[in-house]
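target.cif follows (mmCIF, C-alpha atoms):
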```cif
data_upload
loop_
_atom_site.group_PDB
_atom_site.id
_atom_site.type_symbol
_atom_site.label_atom_id
_atom_site.label_comp_id
_atom_site.auth_asym_id
_atom_site.auth_seq_id
_atom_site.Cartn_x
_atom_site.Cartn_y
_atom_site.Cartn_z
ATOM 1 C CA MET A 1 66.344 -93.178 -8.747
ATOM 2 C CA VAL A 2 62.648 -92.683 -7.968
ATOM 3 C CA SER A 3 60.338 -95.601 -8.793
ATOM 4 C CA ALA A 4 59.038 -95.960 -12.335
ATOM 5 C CA THR A 5 55.564 -94.870 -11.206
ATOM 6 C CA GLY A 6 56.973 -91.848 -9.421
ATOM 7 C CA HIS A 7 59.074 -90.858 -12.412
ATOM 8 C CA GLN A 8 56.120 -91.138 -14.784
ATOM 9 C CA THR A 9 54.032 -88.996 -12.455
ATOM 10 C CA TRP A 10 56.800 -86.422 -12.254
ATOM 11 C CA VAL A 11 57.015 -86.276 -16.055
ATOM 12 C CA LYS A 12 53.233 -85.821 -16.392
ATOM 13 C CA LEU A 13 53.155 -83.061 -13.811
ATOM 14 C CA GLN A 14 56.142 -81.294 -15.312
ATOM 15 C CA GLU A 15 54.518 -81.352 -18.753
ATOM 16 C CA ARG A 16 51.650 -79.199 -17.536
ATOM 17 C CA ALA A 17 53.620 -77.085 -15.079
ATOM 18 C CA THR A 18 54.069 -73.333 -15.146
ATOM 19 C CA PRO A 19 57.736 -72.370 -14.834
ATOM 20 C CA LEU A 20 58.567 -70.890 -11.448
ATOM 21 C CA ASP A 21 60.974 -68.281 -12.783
ATOM 22 C CA ARG A 22 62.688 -65.522 -10.839
ATOM 23 C CA ARG A 23 59.874 -63.020 -11.285
ATOM 24 C CA ARG A 24 57.259 -65.459 -9.974
ATOM 25 C CA LEU A 25 59.504 -66.614 -7.146
ATOM 26 C CA GLU A 26 60.015 -63.032 -6.050
ATOM 27 C CA ALA A 27 56.247 -62.517 -6.135
ATOM 28 C CA LEU A 28 55.813 -65.519 -3.809
ATOM 29 C CA SER A 29 58.424 -64.229 -1.371
ATOM 30 C CA PRO A 30 58.850 -64.056 1.570
ATOM 31 C CA ILE A 31 58.571 -67.853 1.745
ATOM 32 C CA LEU A 32 57.832 -70.024 4.778
ATOM 33 C CA VAL A 33 58.466 -73.765 4.498
ATOM 34 C CA ILE A 34 56.822 -76.000 7.105
ATOM 35 C CA ALA A 35 58.656 -79.318 7.340
ATOM 36 C CA PRO A 36 57.232 -82.261 9.311
ATOM 37 C CA HIS A 37 60.678 -83.681 10.101
ATOM 38 C CA GLN A 38 64.304 -82.685 9.826
ATOM 39 C CA ASP A 39 65.228 -83.840 6.281
ATOM 40 C CA ASP A 40 61.871 -83.124 4.593
ATOM 41 C CA GLU A 41 63.043 -79.583 3.879
ATOM 42 C CA THR A 42 65.889 -80.921 1.749
ATOM 43 C CA LEU A 43 63.991 -83.778 0.102
ATOM 44 C CA GLY A 44 60.829 -81.849 -0.710
ATOM 45 C CA CYS A 45 62.018 -78.353 -1.527
ATOM 46 C CA GLY A 46 65.766 -78.086 -1.082
ATOM 47 C CA GLY A 47 66.041 -76.594 -4.545
ATOM 48 C CA LEU A 48 63.486 -73.944 -3.652
ATOM 49 C CA LEU A 49 65.317 -73.000 -0.459
ATOM 50 C CA ALA A 50 68.732 -72.880 -2.122
ATOM 51 C CA THR A 51 67.475 -70.889 -5.109
ATOM 52 C CA ALA A 52 65.542 -68.398 -2.990
ATOM 53 C CA SER A 53 68.566 -67.937 -0.737
ATOM 54 C CA GLN A 54 70.847 -67.363 -3.725
ATOM 55 C CA LEU A 55 68.453 -64.668 -4.923
ATOM 56 C CA GLY A 56 68.517 -62.949 -1.527
ATOM 57 C CA LEU A 57 64.860 -63.731 -0.823
ATOM 58 C CA ARG A 58 65.521 -65.023 2.734
ATOM 59 C CA PRO A 59 63.229 -68.062 3.061
ATOM 60 C CA GLN A 60 62.147 -69.212 6.528
ATOM 61 C CA VAL A 61 61.733 -72.797 7.755
ATOM 62 C CA ALA A 62 59.659 -74.201 10.628
ATOM 63 C CA PHE A 63 60.068 -77.815 11.767
ATOM 64 C CA LEU A 64 56.951 -79.394 13.198
ATOM 65 C CA THR A 65 58.334 -82.386 15.151
ATOM 66 C CA ASP A 66 61.479 -83.248 17.099
ATOM 67 C CA GLY A 67 62.136 -86.296 14.873
ATOM 68 C CA ALA A 68 62.912 -88.566 17.815
ATOM 69 C CA ALA A 69 60.755 -91.482 16.643
ATOM 70 C CA SER A 70 62.934 -92.277 13.617
ATOM 71 C CA HIS A 71 64.885 -94.680 15.852
ATOM 72 C CA THR A 72 63.367 -96.200 18.969
ATOM 73 C CA GLY A 73 64.520 -98.648 21.590
ATOM 74 C CA SER A 74 68.182 -97.609 21.451
ATOM 75 C CA ALA A 75 70.105 -97.618 24.733
ATOM 76 C CA SER A 76 72.846 -95.381 23.358
ATOM 77 C CA TRP A 77 70.504 -93.017 21.517
ATOM 78 C CA PRO A 78 67.541 -92.178 23.767
ATOM 79 C CA ALA A 79 64.877 -89.846 22.400
ATOM 80 C CA GLU A 80 66.366 -86.702 23.946
ATOM 81 C CA ARG A 81 69.784 -87.280 22.414
ATOM 82 C CA LEU A 82 68.297 -88.111 19.025
ATOM 83 C CA ALA A 83 66.091 -85.010 19.033
ATOM 84 C CA LYS A 84 69.053 -82.747 19.855
ATOM 85 C CA THR A 85 71.163 -84.380 17.167
ATOM 86 C CA ARG A 86 68.463 -84.060 14.529
ATOM 87 C CA ARG A 87 68.144 -80.370 15.356
ATOM 88 C CA ARG A 88 71.881 -79.886 14.812
ATOM 89 C CA GLU A 89 71.679 -81.849 11.564
ATOM 90 C CA ALA A 90 68.864 -79.622 10.330
ATOM 91 C CA LEU A 91 70.799 -76.464 11.169
ATOM 92 C CA ALA A 92 73.819 -77.772 9.266
ATOM 93 C CA ALA A 93 71.733 -78.774 6.239
ATOM 94 C CA LEU A 94 69.924 -75.446 6.116
ATOM 95 C CA SER A 95 73.164 -73.533 6.492
ATOM 96 C CA LEU A 96 74.329 -75.192 3.275
ATOM 97 C CA LEU A 97 71.030 -74.292 1.616
ATOM 98 C CA GLY A 98 71.502 -70.676 2.648
ATOM 99 C CA VAL A 99 69.083 -70.450 5.595
ATOM 100 C CA PRO A 100 70.663 -69.080 8.812
ATOM 101 C CA ARG A 101 69.641 -69.989 12.363
ATOM 102 C CA ARG A 102 67.629 -66.793 12.853
ATOM 103 C CA ASP A 103 65.243 -67.898 10.100
ATOM 104 C CA ILE A 104 64.540 -71.362 11.549
ATOM 105 C CA CYS A 105 61.888 -72.322 14.100
ATOM 106 C CA PHE A 106 61.606 -75.659 15.929
ATOM 107 C CA LEU A 107 58.041 -76.282 17.127
ATOM 108 C CA GLY A 108 58.933 -79.425 19.065
ATOM 109 C CA TRP A 109 55.925 -81.679 18.565
ATOM 110 C CA THR A 110 56.407 -85.316 19.539
ATOM 111 C CA ASP A 111 57.314 -87.268 16.424
ATOM 112 C CA ALA A 112 54.405 -89.288 14.969
ATOM 113 C CA GLN A 113 51.920 -87.976 17.555
ATOM 114 C CA PRO A 114 50.497 -84.844 15.934
ATOM 115 C CA TYR A 115 48.068 -82.527 17.650
ATOM 116 C CA ARG A 116 44.722 -81.916 16.003
ATOM 117 C CA ALA A 117 42.752 -78.759 15.318
ATOM 118 C CA GLY A 118 40.634 -78.005 18.362
ATOM 119 C CA GLU A 119 43.277 -79.160 20.835
ATOM 120 C CA ALA A 120 44.894 -76.557 23.089
ATOM 121 C CA ALA A 121 48.407 -77.584 22.032
ATOM 122 C CA TYR A 122 47.493 -77.147 18.361
ATOM 123 C CA ALA A 123 46.111 -73.666 19.038
ATOM 124 C CA ALA A 124 49.237 -72.771 21.013
ATOM 125 C CA THR A 125 51.457 -73.888 18.149
ATOM 126 C CA LEU A 126 49.441 -71.886 15.634
ATOM 127 C CA LYS A 127 49.674 -68.798 17.833
ATOM 128 C CA ARG A 128 53.418 -69.237 18.326
ATOM 129 C CA LEU A 129 54.077 -69.753 14.634
ATOM 130 C CA ALA A 130 51.935 -66.773 13.658
ATOM 131 C CA HIS A 131 53.763 -64.578 16.169
ATOM 132 C CA TRP A 132 57.135 -65.720 14.826
ATOM 133 C CA ILE A 133 56.359 -65.226 11.149
ATOM 134 C CA THR A 134 53.988 -62.216 11.153
ATOM 135 C CA PRO A 135 56.812 -59.614 11.034
ATOM 136 C CA VAL A 136 58.005 -61.263 7.807
ATOM 137 C CA GLN A 137 54.560 -61.197 6.171
ATOM 138 C CA PRO A 138 55.068 -64.313 4.006
ATOM 139 C CA ARG A 139 53.346 -64.418 0.635
ATOM 140 C CA SER A 140 53.508 -68.211 0.380
ATOM 141 C CA LEU A 141 53.466 -71.190 2.729
ATOM 142 C CA TRP A 142 54.995 -74.482 1.558
ATOM 143 C CA SER A 143 54.103 -77.801 3.176
ATOM 144 C CA PRO A 144 53.686 -81.465 2.137
ATOM 145 C CA TRP A 145 50.969 -82.472 -0.302
ATOM 146 C CA PRO A 146 47.851 -83.458 1.725
ATOM 147 C CA GLY A 147 47.697 -86.833 -0.040
ATOM 148 C CA GLU A 148 50.871 -88.051 1.667
ATOM 149 C CA LYS A 149 50.066 -90.801 4.146
ATOM 150 C CA HIS A 150 52.354 -89.939 7.058
ATOM 151 C CA CYS A 151 50.407 -88.361 9.916
ATOM 152 C CA ASP A 152 53.033 -85.654 10.507
ATOM 153 C CA HIS A 153 53.003 -84.691 6.836
ATOM 154 C CA VAL A 154 49.221 -84.345 6.933
ATOM 155 C CA ALA A 155 49.439 -82.278 10.115
ATOM 156 C CA ALA A 156 52.026 -79.930 8.593
ATOM 157 C CA GLY A 157 49.695 -79.282 5.659
ATOM 158 C CA GLU A 158 46.753 -78.617 7.960
ATOM 159 C CA LEU A 159 48.816 -76.232 10.052
ATOM 160 C CA ALA A 160 49.878 -74.333 6.925
ATOM 161 C CA ALA A 161 46.257 -73.957 5.807
ATOM 162 C CA ASP A 162 45.162 -72.678 9.231
ATOM 163 C CA LEU A 163 48.137 -70.337 9.453
ATOM 164 C CA ALA A 164 47.333 -68.852 6.034
ATOM 165 C CA LEU A 165 43.897 -67.825 7.328
ATOM 166 C CA ARG A 166 45.417 -66.245 10.407
ATOM 167 C CA LEU A 167 48.072 -64.090 8.753
ATOM 168 C CA PRO A 168 47.184 -60.604 7.478
ATOM 169 C CA SER A 169 49.247 -61.219 4.327
ATOM 170 C CA ARG A 170 46.871 -64.075 3.306
ATOM 171 C CA PRO A 171 49.704 -66.166 1.795
ATOM 172 C CA LEU A 172 49.249 -68.695 -0.992
ATOM 173 C CA CYS A 173 49.574 -72.346 0.058
ATOM 174 C CA MET A 174 51.887 -74.522 -2.016
ATOM 175 C CA ASP A 175 52.451 -78.273 -1.668
ATOM 176 C CA TYR A 176 55.770 -80.027 -2.112
ATOM 177 C CA LEU A 177 56.289 -83.762 -2.492
ATOM 178 C CA VAL A 178 58.260 -86.222 -0.382
ATOM 179 C CA TRP A 179 56.462 -89.568 -0.150
ATOM 180 C CA GLY A 180 53.676 -88.446 -2.474
ATOM 181 C CA TRP A 181 55.388 -89.648 -5.650
ATOM 182 C CA ALA A 182 54.122 -93.178 -4.994
ATOM 183 C CA GLU A 183 50.472 -92.072 -4.875
ATOM 184 C CA PRO A 184 48.580 -92.762 -8.127
ATOM 185 C CA ASP A 185 46.095 -89.935 -7.464
ATOM 186 C CA LEU A 186 48.901 -87.420 -7.736
ATOM 187 C CA ALA A 187 49.101 -87.799 -11.510
ATOM 188 C CA ILE A 188 45.536 -86.555 -11.910
ATOM 189 C CA ALA A 189 45.618 -83.884 -9.221
ATOM 190 C CA GLN A 190 43.586 -80.919 -10.385
ATOM 191 C CA ALA A 191 45.805 -78.300 -8.799
ATOM 192 C CA ARG A 192 47.899 -75.821 -10.692
ATOM 193 C CA VAL A 193 51.403 -77.206 -11.067
ATOM 194 C CA TRP A 194 54.615 -75.211 -10.771
ATOM 195 C CA ALA A 195 58.118 -76.327 -11.773
ATOM 196 C CA LEU A 196 61.380 -74.830 -10.552
ATOM 197 C CA THR A 197 64.483 -75.531 -12.609
ATOM 198 C CA CYS A 198 67.203 -75.963 -10.002
ATOM 199 C CA SER A 199 69.898 -78.151 -11.533
ATOM 200 C CA GLN A 200 72.513 -75.738 -10.184
ATOM 201 C CA THR A 201 71.518 -76.776 -6.636
ATOM 202 C CA ILE A 202 71.901 -80.552 -7.020
ATOM 203 C CA ASP A 203 75.320 -80.686 -5.397
ATOM 204 C CA VAL A 204 74.344 -78.547 -2.424
ATOM 205 C CA ARG A 205 71.116 -80.514 -1.945
ATOM 206 C CA ARG A 206 73.042 -83.781 -1.882
ATOM 207 C CA ARG A 207 75.474 -82.347 0.650
ATOM 208 C CA ALA A 208 72.595 -80.975 2.721
ATOM 209 C CA LEU A 209 70.945 -84.392 2.845
ATOM 210 C CA ALA A 210 74.250 -85.934 3.938
ATOM 211 C CA CYS A 211 74.114 -83.652 7.002
ATOM 212 C CA HIS A 212 71.198 -85.753 8.250
ATOM 213 C CA ARG A 213 73.537 -88.555 9.312
ATOM 214 C CA THR A 214 71.009 -90.214 11.622
ATOM 215 C CA GLN A 215 68.704 -90.654 8.637
ATOM 216 C CA VAL A 216 71.104 -91.616 5.837
ATOM 217 C CA SER A 217 73.611 -93.883 7.592
ATOM 218 C CA ASN A 218 73.934 -96.743 10.061
ATOM 219 C CA LEU A 219 75.048 -94.349 12.789
ATOM 220 C CA ILE A 220 72.494 -95.777 15.251
ATOM 221 C CA ALA A 221 73.112 -99.499 15.357
ATOM 222 C CA ASP A 222 71.229 -100.695 18.452
ATOM 223 C CA ALA A 223 67.689 -99.424 17.813
ATOM 224 C CA GLU A 224 64.748 -101.818 17.928
ATOM 225 C CA PHE A 225 63.145 -99.778 15.149
ATOM 226 C CA SER A 226 65.425 -97.906 12.779
ATOM 227 C CA PHE A 227 64.488 -95.698 9.828
ATOM 228 C CA GLN A 228 66.876 -94.897 7.034
ATOM 229 C CA ILE A 229 65.998 -92.805 3.981
ATOM 230 C CA PRO A 230 65.650 -95.252 1.080
ATOM 231 C CA ALA A 231 67.689 -94.653 -2.059
ATOM 232 C CA PRO A 232 64.655 -93.742 -4.238
ATOM 233 C CA LEU A 233 63.737 -91.009 -1.763
ATOM 234 C CA ALA A 234 67.281 -89.706 -1.435
ATOM 235 C CA ALA A 235 67.362 -89.474 -5.234
ATOM 236 C CA LEU A 236 64.901 -86.571 -5.061
ATOM 237 C CA THR A 237 67.901 -84.352 -4.354
ATOM 238 C CA GLN A 238 69.289 -85.224 -7.799
ATOM 239 C CA ARG A 239 66.314 -83.943 -9.769
ATOM 240 C CA PRO A 240 67.041 -80.945 -11.978
ATOM 241 C CA VAL A 241 63.455 -79.738 -11.538
ATOM 242 C CA GLU A 242 61.301 -79.563 -8.419
ATOM 243 C CA VAL A 243 57.530 -79.736 -8.881
ATOM 244 C CA TYR A 244 54.935 -78.168 -6.566
ATOM 245 C CA LEU A 245 51.147 -78.074 -6.463
ATOM 246 C CA GLU A 246 49.232 -74.886 -5.762
ATOM 247 C CA ARG A 247 46.609 -75.718 -3.154
ATOM 248 C CA ARG A 248 42.996 -74.825 -3.805
#
```
Give the structure from this file in structure tokens form.
Amino acid sequence: MVSATGHQTWVKLQERATPLDRRRLEALSPILVIAPHQDDETLGCGGLLATASQLGLRPQVAFLTDGAASHTGSASWPAERLAKTRRREALAALSLLGVPRRDICFLGWTDAQPYRAGEAAYAATLKRLAHWITPVQPRSLWSPWPGEKHCDHVAAGELAADLALRLPSRPLCMDYLVWGWAEPDLAIAQARVWALTCSQTIDVRRRALACHRTQVSNLIADAEFSFQIPAPLAALTQRPVEVYLERR
């Protein structure tokens, strides 16, 4: 399971959380989830996606990067092959969670080399994403908590904040947690906390995560650098409650 520190933080946050019941979830819909990598959607808010889909709320998902830096230096799995495979894995995982291909956008940033605000490529991405999602008029944008240390997670949160200012619907920004459970500052975060009871989605979340074979198995054996989702992180899919922070 999640580390002792992470579990304690989760308990503290849940104790002061407002239940994200059906009425509130409908008020926050349409939903757009921005995921840094293919697998973050399942780890951070798979319960949200599955629940919203079951309720007919049609959540959308945008992936920031191509994910090709999770394994480097492999002769049999060059970056192009890995990126294509991770895209297929994401489509399979989201299909299980109830999100069809038409509601998924791949932005194609190079993994672990995020653009910054002020750069032309960042502005182009923001324009593309706004054009894609404007017809839906989302009422909430969900991205990683800004305190997470990975550069792509930080960039996804920044993109969500900038997108919220650009959309006429002025959506609320919500933060989900992937790596953030290990951060001590999270326990004292002064944001409003929301909790979604989603025990009925545990099985489908576990099966969705299993779709990301490049990330959960030894499929790629000849890489110089190889990432595999650690067990404590994979255990996020087994939580009966997902916790989110309302950004201020």
(request) Convert the output of the PyMOL selection byres ((chain A and resi 130) around 12) on the shown file into explicit residues, formatted as a PyMOL selection string. (result) chain A and resi 32+62+105+107+123-129+131-138+141+159-160+162-170
(request) Measure the distance from atom CA of Ala161 of chain A to atom CA of Leu97 of chain A in Å and round it to one decimal. (result) 25.1 Å
(request) Name all residues at most 12 Å from Glu158 of chain A (count only C-alpha atoms; drop same-chain ones fewer than 2 positions away) and give them as JSON, numbers by chain. (result) {"A": [34, 35, 36, 64, 114, 115, 116, 117, 122, 126, 141, 142, 143, 144, 145, 146, 147, 151, 152, 153, 154, 155, 156, 160, 161, 162, 163, 164, 165, 173, 174, 175, 247]}
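Proximity of A:Cys198, A:Leu236, A:Leu177, A:Leu209 to Asp21 of chain A, computed with all atoms listed in the file, is greatest for A:Cys198.
Restricting the calculation to all atoms listed in the file, the smallest distance between Ala79 of chain A and any of A:Gly67, A:Pro19, A:Pro232, A:Pro100 is found for A:Gly67.
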(message) Applying 6 Å and all atoms listed in the file, which residues near segment 86-90 of chain A remain after dropping the ones on its own chain fewer than 2 positions away? List them as a ChimeraX atom specification.
(response) /A:38,83-84,92-93,211-212
Could you take the residues named above and write them with C-alpha atoms, as a PDB file, in the frame of the given file?
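Dumped to out-v2.pdb:
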```
ATOM      1  CA  GLN A  38      64.304 -82.685   9.826  1.00  0.00           C
ATOM      2  CA  ALA A  83      66.091 -85.010  19.033  1.00  0.00           C
ATOM      3  CA  LYS A  84      69.053 -82.747  19.855  1.00  0.00           C
ATOM      4  CA  ALA A  92      73.819 -77.772   9.266  1.00  0.00           C
ATOM      5  CA  ALA A  93      71.733 -78.774   6.239  1.00  0.00           C
ATOM      6  CA  CYS A 211      74.114 -83.652   7.002  1.00  0.00           C
ATOM      7  CA  HIS A 212      71.198 -85.753   8.250  1.00  0.00           C
TER       8      HIS A 212
END
```
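Rounded to one decimal, atom CA of Gly6 of chain A and atom CA of Asn218 of chain A lie 26.3 Å from each other.
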(message) Just to confirm, what's the straight-line distance from atom CA of Gln238 of chain A to atom CA of Arg206 of chain A in Å (one decimal)?
(response) 7.2 Å
(message) Between A:Asp39, A:Glu246, A:Asp66, A:Glu148, which residue has the minimum interatomic distance to Leu172 of chain A, considering only C-alpha atoms?
(response) A:Glu246
(request) Determine the residue membership of the PyMOL selection byres ((chain A and resi 219) around 12) for the file above and supply it as a ChimeraX atom specification. (result) /A:71,74,76-77,82,85,212-218,220-223,226-228
(message) Since I can't run it myself right now, could you work out what the PyMOL selection byres ((chain A and resi 20) around 8) selects here and report it as a list in words?
(response) Thr18, Pro19, Asp21, Arg22, Arg23, Arg24, Leu25, Trp194, Ala195, Leu196 and Thr197 of chain A
Residues from the last selection, C-alpha atoms, saved as a PDB file, in the frame of the given file:
```
ATOM      1  CA  THR A  18      54.069 -73.333 -15.146  1.00  0.00           C
ATOM      2  CA  PRO A  19      57.736 -72.370 -14.834  1.00  0.00           C
ATOM      3  CA  ASP A  21      60.974 -68.281 -12.783  1.00  0.00           C
ATOM      4  CA  ARG A  22      62.688 -65.522 -10.839  1.00  0.00           C
ATOM      5  CA  ARG A  23      59.874 -63.020 -11.285  1.00  0.00           C
ATOM      6  CA  ARG A  24      57.259 -65.459  -9.974  1.00  0.00           C
ATOM      7  CA  LEU A  25      59.504 -66.614  -7.146  1.00  0.00           C
ATOM      8  CA  TRP A 194      54.615 -75.211 -10.771  1.00  0.00           C
ATOM      9  CA  ALA A 195      58.118 -76.327 -11.773  1.00  0.00           C
ATOM     10  CA  LEU A 196      61.380 -74.830 -10.552  1.00  0.00           C
ATOM     11  CA  THR A 197      64.483 -75.531 -12.609  1.00  0.00           C
TER      12      THR A 197
END
```
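Shell of Leu186 of chain A at 9 Å, with all atoms listed in the file counted and residues fewer than 4 places along the chain excluded, is Thr9, Leu13, Gly147, Gly180, Trp181, Ala182 and Gln190 of chain A.
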(request) Counting all atoms listed in the file, figure out which residue out of A:Ile31, A:Val99, A:Leu43, A:Ala75 gets nearest to Ala234 of chain A. (result) A:Leu43
(message) I need the residue nearest Pro240 of chain A from this list: A:Arg81, A:Lys12, A:Arg205, A:Lys149. Use only C-alpha atoms for the distance.
(response) A:Arg205
Completion step: segment 143-163 of chain A with N, CA and C atoms as a PDB file, in the coordinates of the input:
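Dumped everything to result11.pdb:
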```
ATOM      1  N   SER A 143      54.215 -76.656   2.280  1.00  0.00           N
ATOM      2  CA  SER A 143      54.103 -77.801   3.176  1.00  0.00           C
ATOM      3  C   SER A 143      53.827 -79.047   2.340  1.00  0.00           C
ATOM      4  N   PRO A 144      53.889 -80.247   2.933  1.00  0.00           N
ATOM      5  CA  PRO A 144      53.686 -81.465   2.137  1.00  0.00           C
ATOM      6  C   PRO A 144      52.299 -81.549   1.509  1.00  0.00           C
ATOM      7  N   TRP A 145      52.233 -82.203   0.378  1.00  0.00           N
ATOM      8  CA  TRP A 145      50.969 -82.472  -0.302  1.00  0.00           C
ATOM      9  C   TRP A 145      50.042 -83.241   0.638  1.00  0.00           C
ATOM     10  N   PRO A 146      48.769 -82.823   0.773  1.00  0.00           N
ATOM     11  CA  PRO A 146      47.851 -83.458   1.725  1.00  0.00           C
ATOM     12  C   PRO A 146      47.608 -84.941   1.472  1.00  0.00           C
ATOM     13  N   GLY A 147      47.917 -85.424   0.265  1.00  0.00           N
ATOM     14  CA  GLY A 147      47.697 -86.833  -0.040  1.00  0.00           C
ATOM     15  C   GLY A 147      48.769 -87.753   0.515  1.00  0.00           C
ATOM     16  N   GLU A 148      49.836 -87.197   1.089  1.00  0.00           N
ATOM     17  CA  GLU A 148      50.871 -88.051   1.667  1.00  0.00           C
ATOM     18  C   GLU A 148      50.335 -88.718   2.930  1.00  0.00           C
ATOM     19  N   LYS A 149      50.713 -89.975   3.130  1.00  0.00           N
ATOM     20  CA  LYS A 149      50.066 -90.801   4.146  1.00  0.00           C
ATOM     21  C   LYS A 149      50.596 -90.602   5.561  1.00  0.00           C
ATOM     22  N   HIS A 150      51.786 -90.069   5.720  1.00  0.00           N
ATOM     23  CA  HIS A 150      52.354 -89.939   7.058  1.00  0.00           C
ATOM     24  C   HIS A 150      51.585 -88.897   7.864  1.00  0.00           C
ATOM     25  N   CYS A 151      51.242 -89.241   9.101  1.00  0.00           N
ATOM     26  CA  CYS A 151      50.407 -88.361   9.916  1.00  0.00           C
ATOM     27  C   CYS A 151      51.054 -86.995  10.155  1.00  0.00           C
ATOM     28  N   ASP A 152      52.368 -86.937  10.292  1.00  0.00           N
ATOM     29  CA  ASP A 152      53.033 -85.654  10.507  1.00  0.00           C
ATOM     30  C   ASP A 152      53.023 -84.791   9.253  1.00  0.00           C
ATOM     31  N   HIS A 153      53.066 -85.431   8.093  1.00  0.00           N
ATOM     32  CA  HIS A 153      53.003 -84.691   6.836  1.00  0.00           C
ATOM     33  C   HIS A 153      51.614 -84.080   6.655  1.00  0.00           C
ATOM     34  N   VAL A 154      50.589 -84.856   6.993  1.00  0.00           N
ATOM     35  CA  VAL A 154      49.221 -84.345   6.933  1.00  0.00           C
ATOM     36  C   VAL A 154      49.038 -83.177   7.895  1.00  0.00           C
ATOM     37  N   ALA A 155      49.570 -83.329   9.102  1.00  0.00           N
ATOM     38  CA  ALA A 155      49.439 -82.278  10.115  1.00  0.00           C
ATOM     39  C   ALA A 155      50.144 -80.993   9.693  1.00  0.00           C
ATOM     40  N   ALA A 156      51.305 -81.122   9.058  1.00  0.00           N
ATOM     41  CA  ALA A 156      52.026 -79.930   8.593  1.00  0.00           C
ATOM     42  C   ALA A 156      51.209 -79.175   7.554  1.00  0.00           C
ATOM     43  N   GLY A 157      50.546 -79.915   6.655  1.00  0.00           N
ATOM     44  CA  GLY A 157      49.695 -79.282   5.659  1.00  0.00           C
ATOM     45  C   GLY A 157      48.496 -78.592   6.268  1.00  0.00           C
ATOM     46  N   GLU A 158      47.908 -79.218   7.278  1.00  0.00           N
ATOM     47  CA  GLU A 158      46.753 -78.617   7.960  1.00  0.00           C
ATOM     48  C   GLU A 158      47.165 -77.349   8.706  1.00  0.00           C
ATOM     49  N   LEU A 159      48.330 -77.407   9.327  1.00  0.00           N
ATOM     50  CA  LEU A 159      48.816 -76.232  10.052  1.00  0.00           C
ATOM     51  C   LEU A 159      49.074 -75.072   9.091  1.00  0.00           C
ATOM     52  N   ALA A 160      49.631 -75.380   7.924  1.00  0.00           N
ATOM     53  CA  ALA A 160      49.878 -74.333   6.925  1.00  0.00           C
ATOM     54  C   ALA A 160      48.569 -73.682   6.487  1.00  0.00           C
ATOM     55  N   ALA A 161      47.552 -74.500   6.245  1.00  0.00           N
ATOM     56  CA  ALA A 161      46.257 -73.957   5.807  1.00  0.00           C
ATOM     57  C   ALA A 161      45.642 -73.065   6.877  1.00  0.00           C
ATOM     58  N   ASP A 162      45.722 -73.488   8.138  1.00  0.00           N
ATOM     59  CA  ASP A 162      45.162 -72.678   9.231  1.00  0.00           C
ATOM     60  C   ASP A 162      45.982 -71.408   9.448  1.00  0.00           C
ATOM     61  N   LEU A 163      47.281 -71.510   9.290  1.00  0.00           N
ATOM     62  CA  LEU A 163      48.137 -70.337   9.453  1.00  0.00           C
ATOM     63  C   LEU A 163      47.853 -69.306   8.365  1.00  0.00           C
TER      64      LEU A 163
END
```
